[in-house]
Amino acid sequence: MITRRTFLRGIGVAVGTGIGLAGYAFGVEPLYRLSVTTYRLSPRTWPAGFRLRLAVVADVHAHRHSMPIARIDEIVSVTNGLGADAVLLLGDYMSGKYWRLPRIAAEDWAPVLGQLRAPLGVHAVLGNHDWWEEPDAQRLRRGPVQSRLQLEKAGIPVYENDVVRLTKDGQPFWLAGLADQIAFITGIVDGRMVFQGLDDLDGTLARVTDDAPVILMAHEPDIFPKVPDRVALTISGHTHGGQVRLFGWSPIVPSEFGNRYAYGHVIEDERHLIVSGGLGCSILPVRFGVPPEIVVVELGADA
């Protein structure tokens, strides 16, 4: 029989546990944890024996509370120590406003990211927040946005439906960067926002002029069903792994496909996608079960 004292004690434990979990989700995981997640894979179209190591930094969301400059500097330092051949930046450097704290301007965070170093360079695409946080770009339906301008000023090339051919150990490969798929908010229909994208997958891949393998950077993973098997690997961010993830499932994922492309290494029809859990926060400064991460991709290595 449950006594009144036992019942009240149980309620107290439940409340205390809830408060503790909330404190962790708001005050610990997003601010103080930083993990490095490594994926080792050899896609079918990847040249045998060709080893390539990539470091992926996604969804920084520079913000005075959840992603201050000191935190970005830490991320840069850790990334530089990973021994990557190239560093890929996957967009959403800007953050929305919450808790009445202003976001950090691009001219402040871009020079910090400009300290990233790798033998084959640092390469970037833009994300939806890099467009959404600029009223003029939304009104005029065109850029360039400050994220691009300031990254390029810091020495980091930004790809919007463009490619670059790189070489390691005599083996060439292509790095393709897709423009953002939901860059412009065009309205609301049935309570849902409607978007217009700038992405041109066919036009981007048409710039590839030989049979060297292709790695595609696309901020949102929703493009993946359209990616041909000509592309060895697609790498995305955007979802933050749902920002709250329990037992491999996220209750809210900003994707038309729900949990299908929420997080991790996805293989469909022998095509490979890696979705980073990202580093910053969106909407609310909360993370639970999906700590901020830098992703390392080792191509040409056995899983």
# chains A, B, ... in the order shown; residues from 1 in each chain; ligands from 1
$ residues_around --residues "A:Arg230" --least-positions-apart "4" --cutoff "12 Å" --atoms "only C-alpha atoms" --output "PyMOL selection string"
chain A and resi 43-46+174+202+205-206+208+210-216+226+234+270-272
$ residues_around --residues "A:Gly241" --least-positions-apart "5" --cutoff "7 Å" --atoms "only C-alpha atoms" --output "tab-separated table (two decimals) with N, CA, C and O atoms, in the first residue's frame"
chain	number	residue	atom	x	y	z
A	262	ALA	N	17.50	12.41	-39.66
A	262	ALA	CA	17.72	13.26	-38.49
A	262	ALA	C	19.17	13.32	-38.06
A	262	ALA	O	19.65	14.38	-37.63
A	263	TYR	N	19.87	12.20	-38.17
A	263	TYR	CA	21.21	12.16	-37.57
A	263	TYR	C	21.96	10.92	-38.03
A	263	TYR	O	21.38	9.84	-38.19
A	277	GLY	N	25.22	16.24	-36.04
A	277	GLY	CA	24.36	16.78	-34.99
A	277	GLY	C	24.60	18.25	-34.74
A	277	GLY	O	23.84	18.90	-34.02
A	290	VAL	N	21.99	14.69	-27.59
A	290	VAL	CA	22.71	14.93	-28.85
A	290	VAL	C	23.67	16.09	-28.62
A	290	VAL	O	23.43	17.21	-29.03
$ residues_around --residues "A:Pro254" --least-positions-apart "4" --cutoff "10 Å" --atoms "only C-alpha atoms" --output "list in words"
Glu220, Pro221, Asp222, His238, Thr239, His240, Gly241, Gly242, Gly258, Asn259, Tyr261 and Ala262 of chain A
$ residues_around --residues "A:Asp73" --least-positions-apart "3" --cutoff "8 Å" --atoms "only C-alpha atoms" --output "JSON, numbers by chain"
{"A": [69, 70, 76, 77, 112, 113]}
$ atom_distance --atom1 "atom CA of A:Leu233" --atom2 "atom CA of A:Leu273"
5.9 Å
$ residues_around --residues "A:Val244" --least-positions-apart "3" --cutoff "8 Å" --atoms "only C-alpha atoms" --output "list in words"
Gly241, Ser250, Pro251, Ile252, Val286, Arg287, Phe288, Gly289 and Val290 of chain A
$ write_last_selection --atoms "N, CA and C atoms" --output "compact mmCIF listing (two decimals), in the first residue's frame"
# COMPACT_ATOMS: atom_id res chain seq x y z
N GLY A 241 20.34 16.90 -35.07
CA GLY A 241 19.93 15.62 -34.50
C GLY A 241 18.59 15.71 -33.79
N SER A 250 14.18 11.30 -32.35
CA SER A 250 14.02 12.72 -32.02
C SER A 250 12.56 13.12 -32.21
N PRO A 251 11.93 13.72 -31.20
CA PRO A 251 10.51 14.07 -31.32
C PRO A 251 10.22 15.15 -32.34
N ILE A 252 11.16 16.07 -32.57
CA ILE A 252 10.97 17.14 -33.54
C ILE A 252 12.21 17.23 -34.41
N VAL A 286 18.75 24.61 -26.05
CA VAL A 286 18.63 23.35 -25.32
C VAL A 286 19.15 22.20 -26.18
N ARG A 287 19.84 21.27 -25.55
CA ARG A 287 20.24 20.01 -26.17
C ARG A 287 20.15 18.91 -25.12
N PHE A 288 19.65 17.76 -25.56
CA PHE A 288 19.59 16.62 -24.65
C PHE A 288 19.74 15.34 -25.48
N GLY A 289 20.77 14.57 -25.17
CA GLY A 289 21.00 13.31 -25.87
C GLY A 289 21.67 13.47 -27.22
N VAL A 290 21.99 14.69 -27.59
CA VAL A 290 22.71 14.93 -28.85
C VAL A 290 23.67 16.09 -28.62
$ select_by_dssp --residues "stretch 74-197 of chain A" --states "strand (DSSP E or B)" --output "MDAnalysis selection string"
chainID A and resid 86:89 98 101 103 122:124 158 162:168 171:177 184:189 192:196
$ write_last_selection --atoms "C-alpha atoms" --output "PDB file, in the first residue's frame"
ATOM      1  CA  ALA A  86      40.192  19.379 -45.325  1.00  0.00           C
ATOM      2  CA  VAL A  87      37.644  21.135 -43.124  1.00  0.00           C
ATOM      3  CA  LEU A  88      34.045  21.462 -44.293  1.00  0.00           C
ATOM      4  CA  LEU A  89      31.730  24.134 -42.869  1.00  0.00           C
ATOM      5  CA  TYR A  98      16.095  34.262 -28.079  1.00  0.00           C
ATOM      6  CA  LEU A 101      20.110  38.303 -26.208  1.00  0.00           C
ATOM      7  CA  ARG A 103      23.179  37.227 -32.028  1.00  0.00           C
ATOM      8  CA  VAL A 122      38.626  25.055 -45.482  1.00  0.00           C
ATOM      9  CA  HIS A 123      35.436  25.048 -47.560  1.00  0.00           C
ATOM     10  CA  ALA A 124      31.954  26.323 -46.737  1.00  0.00           C
ATOM     11  CA  VAL A 158      31.826  29.677 -49.995  1.00  0.00           C
ATOM     12  CA  ASP A 162      29.657  25.421 -57.319  1.00  0.00           C
ATOM     13  CA  VAL A 163      32.489  22.892 -57.219  1.00  0.00           C
ATOM     14  CA  VAL A 164      36.227  22.707 -56.718  1.00  0.00           C
ATOM     15  CA  ARG A 165      38.634  19.973 -57.824  1.00  0.00           C
ATOM     16  CA  LEU A 166      41.172  18.958 -55.171  1.00  0.00           C
ATOM     17  CA  THR A 167      44.001  16.441 -55.183  1.00  0.00           C
ATOM     18  CA  LYS A 168      45.609  14.330 -52.493  1.00  0.00           C
ATOM     19  CA  GLN A 171      44.249  11.285 -56.607  1.00  0.00           C
ATOM     20  CA  PRO A 172      41.753  13.995 -57.619  1.00  0.00           C
ATOM     21  CA  PHE A 173      38.290  14.409 -56.160  1.00  0.00           C
ATOM     22  CA  TRP A 174      35.537  17.002 -56.419  1.00  0.00           C
ATOM     23  CA  LEU A 175      34.010  18.967 -53.584  1.00  0.00           C
ATOM     24  CA  ALA A 176      30.575  20.299 -54.502  1.00  0.00           C
ATOM     25  CA  GLY A 177      28.621  22.838 -52.467  1.00  0.00           C
ATOM     26  CA  PHE A 184      13.609  32.419 -48.558  1.00  0.00           C
ATOM     27  CA  ILE A 185      10.445  32.355 -46.452  1.00  0.00           C
ATOM     28  CA  THR A 186       7.668  33.053 -48.950  1.00  0.00           C
ATOM     29  CA  GLY A 187       4.558  32.696 -46.765  1.00  0.00           C
ATOM     30  CA  ILE A 188       2.488  30.483 -44.510  1.00  0.00           C
ATOM     31  CA  VAL A 189      -0.007  27.916 -45.814  1.00  0.00           C
ATOM     32  CA  ARG A 192       3.249  25.876 -42.193  1.00  0.00           C
ATOM     33  CA  MET A 193       5.983  28.106 -43.587  1.00  0.00           C
ATOM     34  CA  VAL A 194       6.561  27.910 -47.334  1.00  0.00           C
ATOM     35  CA  PHE A 195      10.080  28.285 -48.680  1.00  0.00           C
ATOM     36  CA  GLN A 196      11.929  29.023 -51.876  1.00  0.00           C
TER      37      GLN A 196
END
$ closest_residue --among "A:Gly49, A:Gly197, A:Gly143, A:Gly91" --to "A:His61" --atoms "only C-alpha atoms"
A:Gly91
$ atom_distance --atom1 "atom CA of A:Ala55" --atom2 "atom CA of A:Pro291"
16.8 Å
$ residues_around --residues "A:Glu107" --least-positions-apart "6" --cutoff "12 Å" --atoms "only C-alpha atoms" --output "compact mmCIF listing (two decimals) with C-alpha atoms, in the first residue's frame"
# COMPACT_ATOMS: atom_id res chain seq x y z
CA ALA A 62 26.93 32.12 -33.02
CA ILE A 69 33.23 33.67 -29.32
CA TYR A 93 26.71 30.38 -38.70
CA MET A 94 24.07 32.97 -37.76
CA LEU A 113 36.53 30.43 -38.15
CA GLY A 114 39.19 31.91 -40.42
CA VAL A 145 24.54 37.69 -47.32
CA GLN A 146 26.95 38.76 -44.61
CA SER A 147 27.89 35.17 -43.76
CA ARG A 148 29.31 34.70 -47.23
CA LEU A 149 30.98 38.09 -47.40
CA GLN A 150 32.67 37.74 -44.03
CA LEU A 151 33.76 34.12 -44.54
CA GLU A 152 35.35 35.05 -47.84
CA LYS A 153 36.99 38.05 -46.19
CA ALA A 154 38.45 35.58 -43.66
